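Below is one structure; the comments refer to it alone.
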Amino acid sequence: MKHRVPRRRPFFLAFLLPSLLAAGLFLAALGDVLQYSFRTFIPGSLDVGGFTLENFLRIGRPIYLSVLLDTVTISVLTALFTLLLSYPVAYALVRARRDWVRTLLIILAITPLFTGEIVRTYAWILVLGSNGFVNSLLKDAGLITAPLSLLYTRFGVTVALVQFSMPVMIILLATAISHVDRNCERAAANLGAPPLMVFWRVTLPLTMPGVISGTIVIFAWTMSAFSTPQLIGGGKVLMISNLVYLQGLSTFNFPFAAVLSLLALLVAMGSLGLIRPAIRRLERRVALH
Amino acid sequence: MSPRLAARLGSGLFWAAVALILAYMTIPALVVLMTSLSPSELLEFPPSGLSLKWYARAVSYPDFQAAFANGLIVTAFASTCALAVGSAFAYLIDRYVFPGRAALEAVLSSPLIVPHFTTGFGFLLLGAGLGIGRSYLLVILAHVMLVLPFVIRSVYVSLRNLDPHLERAAANLGASPWRVLSRVTLPLLLPGMAGGWLVAAILSLTEFTASLYVTAERTQTLPVAMYTYIREYTDPTIAAIAALLILGTTALIFVANRYLGLRRILSIDAH
């Protein structure tokens, strides 16, 4: 039997083919969306007509522009409030002295991430509904006589979205805080800075890359949220995802649904694409100090 | 006020704020548990008694049974396929440089960035184009893509931490590449692969948005069935299912923390 020279790259082709197939499939799916976005909608039919740019022009109508504006507003507010509420928890998670406190904090902070969006959204319906937890509590306390309308409002949608986004933000911030060199903080404290000043002038600036990337990630994530605005917004609060669903699976206007999903994709990719340059600029500034 | 008193006051305020924020994060889950045990059909706080009837109704409701079975089928195939494809790809990017590597990596991790409704809509159109409709096959393909980035990441990290001397020693002692892979590399990668598979399975079981697009009534998964139910009924049956899912995941997280150390995995231990 002839000795075979061992190949330089064992398994290369066998391992590459499935990945190529998967990538091809995904690109084909996105390619279909792109292709449909240029086709003419034929009302009452799932088939589409010839090529047109009309679907893109349709975004400019006031009703659709106001949905886009709402989507961006809700996403920005969600990202900011998520940041504000997550930072203290992340800080406590890293700096708590007792081990069991850290363990408890991480379990409480992370569990909501894995229960799935339907469970989390349903939980907020129970909390915010007109016979729900918050209204019952306020009524029993004698603070209100008629239930507050929290469901089907932008406020309710944002409150739920912030809670969904917090686990991810807490993980990102905790990683950033745990990498802060505590000697910098000790040096500032030794030089007489009170604790709040140490935090404001040392800890916070050193965790800024985590703060910025976390905020952008949550913004992009919220832009593509669907079940929360769908169920808690209940048709009264529309985000771009709900419009895609309405156009795609209720009106069967596949071409316009395709345009809207492409738009959402571009915003998500564009905002996440900002992360690296923003952080590089920031790191240069921190290094200059 | 003395500085020491001020510091203690500040730390007290800080921990009070943390406790309030954690209450905000946790109360929805507690309200679900409370509602699931309530005997009344209407929402009431506090519940007027204790009852397990919604649990009995939830597990005997035919739509949920069928949807749960569908979900298990889809998850089993999707996370296993993703494990095979993802492990092979993680091996490639760990070992080889080849033209188009960065592009391929970008495409395979992009399901993290692409909104799930865009992915779901794309696969819906693709299914119509390929003539497979909203079949199990289409749902499985969509789920494979959605969980693939997590599997790749998990296996890649294990590969990075693998001691290359072990493989080299086996090869020097005359083991064929296949033998090295199956007797040395693969066993050492098993923990990373198991972790990747588990994350993939959880994500696939609970995935909703893309599934709404690619499933039909016959192939719908549990989250889709729950969504349909929430839109039609207001009784606490969903609370019972949600409570089971919350308790299940919490138990899983406890176990993961006990045996794997969540803080180490997430690299958030203080230095």
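Just remember, in the structure tokens the first chain shown is A, the second B, etc., residues are 1-based per chain, and ligands are 1-based in the order shown.
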Residues of chain A within 6 Å of chain B, only C-alpha atoms counted, as a tab-separated table (two decimals) with N, CA and C atoms, in the first residue's frame:
chain	number	residue	atom	x	y	z
A	15	PHE	N	-15.59	20.24	6.63
A	15	PHE	CA	-16.07	21.15	7.66
A	15	PHE	C	-16.59	22.45	7.06
A	18	PRO	N	-20.84	22.47	5.22
A	18	PRO	CA	-22.08	22.81	5.95
A	18	PRO	C	-22.20	24.30	6.25
A	19	SER	N	-21.06	24.93	6.59
A	19	SER	CA	-21.10	26.36	6.89
A	19	SER	C	-21.47	27.17	5.66
A	23	ALA	N	-24.66	29.58	5.35
A	23	ALA	CA	-24.52	30.99	4.96
A	23	ALA	C	-25.33	31.27	3.70
A	29	ALA	N	-32.39	33.91	2.08
A	29	ALA	CA	-33.57	34.44	2.76
A	29	ALA	C	-33.56	35.96	2.73
A	30	LEU	N	-32.39	36.55	3.06
A	30	LEU	CA	-32.31	38.02	3.04
A	30	LEU	C	-32.42	38.54	1.61
A	33	VAL	N	-35.95	38.93	0.65
A	33	VAL	CA	-36.53	40.16	1.20
A	33	VAL	C	-36.15	41.34	0.28
A	89	VAL	N	-26.92	48.15	39.63
A	89	VAL	CA	-26.97	46.71	39.86
A	89	VAL	C	-25.64	46.07	39.45
A	94	VAL	N	-20.50	43.50	41.05
A	94	VAL	CA	-19.05	43.31	41.02
A	94	VAL	C	-18.43	43.60	42.38
A	115	THR	N	-36.32	33.35	30.07
A	115	THR	CA	-37.69	32.86	30.14
A	115	THR	C	-38.45	33.07	28.84
A	116	GLY	N	-37.86	33.78	27.89
A	116	GLY	CA	-38.54	33.95	26.61
A	116	GLY	C	-39.43	35.16	26.59
A	119	VAL	N	-43.35	34.96	27.74
A	119	VAL	CA	-43.57	34.88	29.18
A	119	VAL	C	-43.36	36.26	29.82
A	123	ALA	N	-46.20	38.61	31.61
A	123	ALA	CA	-46.05	39.04	33.00
A	123	ALA	C	-46.35	40.52	33.12
A	124	TRP	N	-45.90	41.32	32.17
A	124	TRP	CA	-46.15	42.76	32.24
A	124	TRP	C	-47.62	43.10	31.99
A	163	GLN	N	-37.15	46.50	31.31
A	163	GLN	CA	-36.89	45.32	32.13
A	163	GLN	C	-36.27	44.19	31.29
A	174	ALA	N	-21.18	45.02	33.99
A	174	ALA	CA	-20.43	44.32	35.04
A	174	ALA	C	-19.06	43.91	34.52
A	175	THR	N	-19.01	43.46	33.26
A	175	THR	CA	-17.72	43.11	32.67
A	175	THR	C	-16.81	44.34	32.67
A	178	SER	N	-15.71	45.25	36.24
A	178	SER	CA	-14.77	44.31	36.86
A	178	SER	C	-13.36	44.49	36.29
A	224	SER	N	-35.69	46.25	17.18
A	224	SER	CA	-36.26	45.06	16.56
A	224	SER	C	-37.16	44.27	17.51
A	261	SER	N	-38.73	45.71	6.60
A	261	SER	CA	-37.77	44.86	7.32
A	261	SER	C	-36.34	45.19	6.91
A	265	LEU	N	-33.33	46.39	9.38
A	265	LEU	CA	-32.02	45.74	9.31
A	265	LEU	C	-30.91	46.78	9.17
Legend entry - For A:Pro209: contacts at 12 Å, only C-alpha atoms, fewer than 2 positions along chain excluded, given as an MDAnalysis selection string: chainID A and resid 172:173 175:177 179:180 203:207 211:216 275:286
Take the residues just selected and output them with C-alpha atoms as a short mmCIF file (atom, residue, chain, number, x, y, z; two decimals), in the first residue's frame.
data_model
loop_
_atom_site.label_atom_id
_atom_site.label_comp_id
_atom_site.auth_asym_id
_atom_site.auth_seq_id
_atom_site.Cartn_x
_atom_site.Cartn_y
_atom_site.Cartn_z
CA LEU A 172 -21.96 44.24 29.67
CA LEU A 173 -21.53 46.86 32.43
CA THR A 175 -17.72 43.11 32.67
CA ALA A 176 -16.54 46.71 32.19
CA ILE A 177 -16.62 47.50 35.94
CA HIS A 179 -11.91 45.34 34.58
CA VAL A 180 -11.37 48.69 36.30
CA THR A 203 -14.73 54.69 37.80
CA LEU A 204 -17.32 56.06 35.41
CA PRO A 205 -14.83 57.37 32.80
CA LEU A 206 -12.93 54.06 32.89
CA THR A 207 -16.15 52.12 32.19
CA VAL A 211 -21.50 52.21 28.81
CA ILE A 212 -21.48 53.29 25.17
CA SER A 213 -21.45 49.85 23.60
CA GLY A 214 -24.16 48.68 26.01
CA THR A 215 -26.41 51.62 25.19
CA ILE A 216 -26.03 51.11 21.44
CA ILE A 275 -19.74 50.93 18.31
CA ARG A 276 -16.15 50.27 17.32
CA PRO A 277 -15.24 53.76 16.03
CA ALA A 278 -16.95 55.40 19.02
CA ILE A 279 -15.02 53.26 21.48
CA ARG A 280 -11.73 53.75 19.67
CA ARG A 281 -12.15 57.53 19.87
CA LEU A 282 -13.00 57.28 23.53
CA GLU A 283 -10.02 55.07 24.34
CA ARG A 284 -7.74 57.56 22.62
CA ARG A 285 -9.18 60.32 24.79
CA VAL A 286 -8.82 58.35 28.01
#
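Note that the spacing between atom CA of A:Gln230 and atom CA of A:Gly156 amounts to 11.9 Å.
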Inset, instruction - May I ask for the distance between atom CA of A:Phe38 and atom CA of A:Thr71, given in Å to one decimal place? - result: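 That distance, rounded to one decimal, is 23.8 Å.
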Inset, instruction - Write down as a ChimeraX atom specification the residues belonging to stretch 50-274 of chain A that are assigned alpha helix (DSSP H) by DSSP computed on the backbone. - result: /A:54-58,62-95,99-110,117-128,133-140,154-178,182-190,195-198,204-206,208-223,227-231,240-245,254-273
Could you save the residues just selected, with C-alpha atoms, as a compact mmCIF listing (two decimals), in the first residue's frame?
# COMPACT_ATOMS: atom_id res chain seq x y z
CA GLU A 54 -42.79 52.71 -5.30
CA ASN A 55 -42.52 50.68 -2.08
CA PHE A 56 -39.56 52.75 -0.96
CA LEU A 57 -41.39 56.01 -1.63
CA ARG A 58 -44.31 54.81 0.45
CA PRO A 62 -46.91 60.67 7.37
CA ILE A 63 -48.48 57.57 9.03
CA TYR A 64 -45.37 55.49 8.37
CA LEU A 65 -42.99 58.29 9.31
CA SER A 66 -44.76 58.67 12.66
CA VAL A 67 -44.31 54.91 13.30
CA LEU A 68 -40.60 55.29 12.53
CA LEU A 69 -40.35 58.26 14.86
CA ASP A 70 -42.15 56.36 17.64
CA THR A 71 -39.83 53.39 17.13
CA VAL A 72 -36.73 55.55 17.44
CA THR A 73 -38.10 57.51 20.43
CA ILE A 74 -39.06 54.36 22.34
CA SER A 75 -35.70 52.75 21.54
CA VAL A 76 -33.68 55.78 22.68
CA LEU A 77 -35.68 56.12 25.92
CA THR A 78 -35.41 52.39 26.59
CA ALA A 79 -31.64 52.43 26.06
CA LEU A 80 -31.16 55.42 28.41
CA PHE A 81 -33.38 54.15 31.22
CA THR A 82 -31.86 50.68 30.90
CA LEU A 83 -28.43 52.25 31.37
CA LEU A 84 -29.52 54.29 34.41
CA LEU A 85 -31.12 51.33 36.19
CA SER A 86 -28.50 48.74 35.21
CA TYR A 87 -25.38 50.59 36.33
CA PRO A 88 -26.09 50.41 40.09
CA VAL A 89 -26.97 46.71 39.86
CA ALA A 90 -23.84 45.94 37.83
CA TYR A 91 -21.72 47.93 40.30
CA ALA A 92 -23.23 46.08 43.26
CA LEU A 93 -22.80 42.76 41.45
CA VAL A 94 -19.05 43.31 41.02
CA ARG A 95 -18.25 45.12 44.25
CA ASP A 99 -20.14 36.08 48.05
CA TRP A 100 -23.78 35.08 48.55
CA VAL A 101 -24.90 38.65 47.72
CA ARG A 102 -23.02 38.49 44.43
CA THR A 103 -24.53 35.08 43.63
CA LEU A 104 -28.05 36.24 44.48
CA LEU A 105 -27.61 39.39 42.42
CA ILE A 106 -26.41 37.54 39.35
CA ILE A 107 -29.23 35.00 39.49
CA LEU A 108 -31.91 37.70 39.92
CA ALA A 109 -30.33 39.82 37.19
CA ILE A 110 -29.92 37.10 34.58
CA GLU A 117 -40.25 37.06 25.34
CA ILE A 118 -43.82 35.78 25.50
CA VAL A 119 -43.57 34.88 29.18
CA ARG A 120 -41.98 38.24 30.03
CA THR A 121 -44.52 40.20 28.01
CA TYR A 122 -47.43 38.32 29.53
CA ALA A 123 -46.05 39.04 33.00
CA TRP A 124 -46.15 42.76 32.24
CA ILE A 125 -49.76 42.50 31.02
CA LEU A 126 -50.63 41.13 34.47
CA VAL A 127 -48.70 43.93 36.17
CA LEU A 128 -49.96 46.84 34.06
CA PHE A 133 -51.09 44.35 40.04
CA VAL A 134 -50.17 48.04 40.01
CA ASN A 135 -53.75 49.29 39.73
CA SER A 136 -54.98 46.94 42.50
CA LEU A 137 -52.17 48.09 44.74
CA LEU A 138 -52.90 51.77 44.14
CA LYS A 139 -56.64 51.27 44.55
CA ASP A 140 -56.23 49.38 47.84
CA ARG A 154 -45.89 54.14 25.14
CA PHE A 155 -45.11 54.38 28.84
CA GLY A 156 -46.19 50.77 29.45
CA VAL A 157 -44.27 49.50 26.42
CA THR A 158 -41.12 51.31 27.57
CA VAL A 159 -41.42 50.05 31.16
CA ALA A 160 -41.55 46.46 29.89
CA LEU A 161 -38.80 46.94 27.30
CA VAL A 162 -36.42 48.37 29.93
CA GLN A 163 -36.89 45.32 32.13
CA PHE A 164 -36.17 42.97 29.17
CA SER A 165 -33.03 44.85 28.25
CA MET A 166 -31.54 45.07 31.73
CA PRO A 167 -29.95 41.57 31.95
CA VAL A 168 -27.89 42.17 28.80
CA MET A 169 -26.89 45.66 29.92
CA ILE A 170 -25.98 44.43 33.42
CA ILE A 171 -23.71 41.74 31.96
CA LEU A 172 -21.96 44.24 29.67
CA LEU A 173 -21.53 46.86 32.43
CA ALA A 174 -20.43 44.32 35.04
CA THR A 175 -17.72 43.11 32.67
CA ALA A 176 -16.54 46.71 32.19
CA ILE A 177 -16.62 47.50 35.94
CA SER A 178 -14.77 44.31 36.86
CA ARG A 182 -8.93 49.47 41.66
CA ASN A 183 -5.55 51.07 42.32
CA CYS A 184 -6.73 54.07 40.29
CA GLU A 185 -9.69 54.44 42.63
CA ARG A 186 -7.53 53.95 45.72
CA ALA A 187 -5.09 56.58 44.50
CA ALA A 188 -7.90 59.11 44.05
CA ALA A 189 -9.31 58.30 47.49
CA ASN A 190 -5.88 58.63 49.11
CA PRO A 195 -16.41 58.44 47.25
CA LEU A 196 -18.83 60.16 44.86
CA MET A 197 -16.00 62.12 43.25
CA VAL A 198 -13.94 58.92 42.89
CA LEU A 204 -17.32 56.06 35.41
CA PRO A 205 -14.83 57.37 32.80
CA LEU A 206 -12.93 54.06 32.89
CA MET A 208 -17.30 54.48 29.42
CA PRO A 209 -16.54 52.02 26.57
CA GLY A 210 -18.88 49.50 28.23
CA VAL A 211 -21.50 52.21 28.81
CA ILE A 212 -21.48 53.29 25.17
CA SER A 213 -21.45 49.85 23.60
CA GLY A 214 -24.16 48.68 26.01
CA THR A 215 -26.41 51.62 25.19
CA ILE A 216 -26.03 51.11 21.44
CA VAL A 217 -26.62 47.35 21.71
CA ILE A 218 -29.84 47.94 23.66
CA PHE A 219 -30.96 50.62 21.19
CA ALA A 220 -30.52 48.22 18.26
CA TRP A 221 -32.14 45.39 20.23
CA THR A 222 -35.19 47.51 21.07
CA MET A 223 -35.55 48.68 17.46
CA SER A 227 -43.87 40.95 21.07
CA THR A 228 -43.79 43.77 23.64
CA PRO A 229 -45.17 46.51 21.39
CA GLN A 230 -47.48 43.91 19.82
CA LEU A 231 -49.11 42.73 23.06
CA ILE A 240 -41.70 49.13 12.88
CA SER A 241 -41.85 45.41 13.76
CA ASN A 242 -45.64 45.61 14.22
CA LEU A 243 -45.99 47.38 10.91
CA VAL A 244 -44.02 44.61 9.18
CA TYR A 245 -46.36 42.06 10.75
CA PHE A 254 -45.13 41.40 1.01
CA PRO A 255 -43.24 44.09 -0.98
CA PHE A 256 -43.90 46.86 1.57
CA ALA A 257 -43.23 44.49 4.49
CA ALA A 258 -39.93 43.70 2.76
CA VAL A 259 -39.00 47.38 2.52
CA LEU A 260 -39.75 47.91 6.21
CA SER A 261 -37.77 44.86 7.32
CA LEU A 262 -34.81 46.02 5.22
CA LEU A 263 -35.03 49.43 6.84
CA ALA A 264 -35.01 47.87 10.33
CA LEU A 265 -32.02 45.74 9.31
CA LEU A 266 -30.11 48.79 8.07
CA VAL A 267 -30.78 50.79 11.26
CA ALA A 268 -29.67 47.85 13.42
CA MET A 269 -26.48 47.28 11.43
CA GLY A 270 -25.77 51.00 11.16
CA SER A 271 -26.07 51.68 14.88
CA LEU A 272 -24.03 48.61 15.84
CA GLY A 273 -21.45 49.62 13.25
Legend entry - Distance in Å - atom CA of B:Gly133 versus atom CA of A:Gly50: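 So the two atoms, atom CA of B:Gly133 and atom CA of A:Gly50, lie 22.9 Å apart.
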Inset, instruction - Within 12 Å of B:Ser40, counting only C-alpha atoms, which residues show up once you throw out same-chain ones fewer than 6 positions away? Write them as a ChimeraX atom specification, please. - result: /B:34,46-54,234-237
Based on the backbone DSSP call, show me all residues of stretch 7-191 of chain A assigned strand (DSSP E or B), as an mmCIF file with N, CA and C atoms, in the first residue's frame.
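Result file result-v6.cif:
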data_model
loop_
_atom_site.group_PDB
_atom_site.id
_atom_site.type_symbol
_atom_site.label_atom_id
_atom_site.label_comp_id
_atom_site.auth_asym_id
_atom_site.auth_seq_id
_atom_site.Cartn_x
_atom_site.Cartn_y
_atom_site.Cartn_z
ATOM 1 N N ARG A 39 -40.612 44.760 -5.860
ATOM 2 C CA ARG A 39 -41.691 44.239 -6.711
ATOM 3 C C ARG A 39 -42.995 45.004 -6.466
ATOM 4 N N THR A 40 -43.886 44.919 -7.432
ATOM 5 C CA THR A 40 -45.176 45.600 -7.329
ATOM 6 C C THR A 40 -46.154 44.732 -6.544
ATOM 7 N N PHE A 41 -46.874 45.371 -5.613
ATOM 8 C CA PHE A 41 -47.886 44.672 -4.828
ATOM 9 C C PHE A 41 -49.154 44.527 -5.639
ATOM 10 N N VAL A 48 -46.400 38.677 -6.883
ATOM 11 C CA VAL A 48 -46.035 40.080 -7.024
ATOM 12 C C VAL A 48 -45.784 40.388 -8.487
ATOM 13 N N GLY A 49 -45.909 41.681 -8.820
ATOM 14 C CA GLY A 49 -45.747 42.097 -10.211
ATOM 15 C C GLY A 49 -44.304 42.467 -10.537
ATOM 16 N N GLY A 50 -44.141 43.344 -11.522
ATOM 17 C CA GLY A 50 -42.821 43.717 -12.015
ATOM 18 C C GLY A 50 -42.057 44.608 -11.048
ATOM 19 N N PHE A 51 -40.892 45.069 -11.492
ATOM 20 C CA PHE A 51 -40.021 45.838 -10.609
ATOM 21 C C PHE A 51 -40.464 47.299 -10.502
#
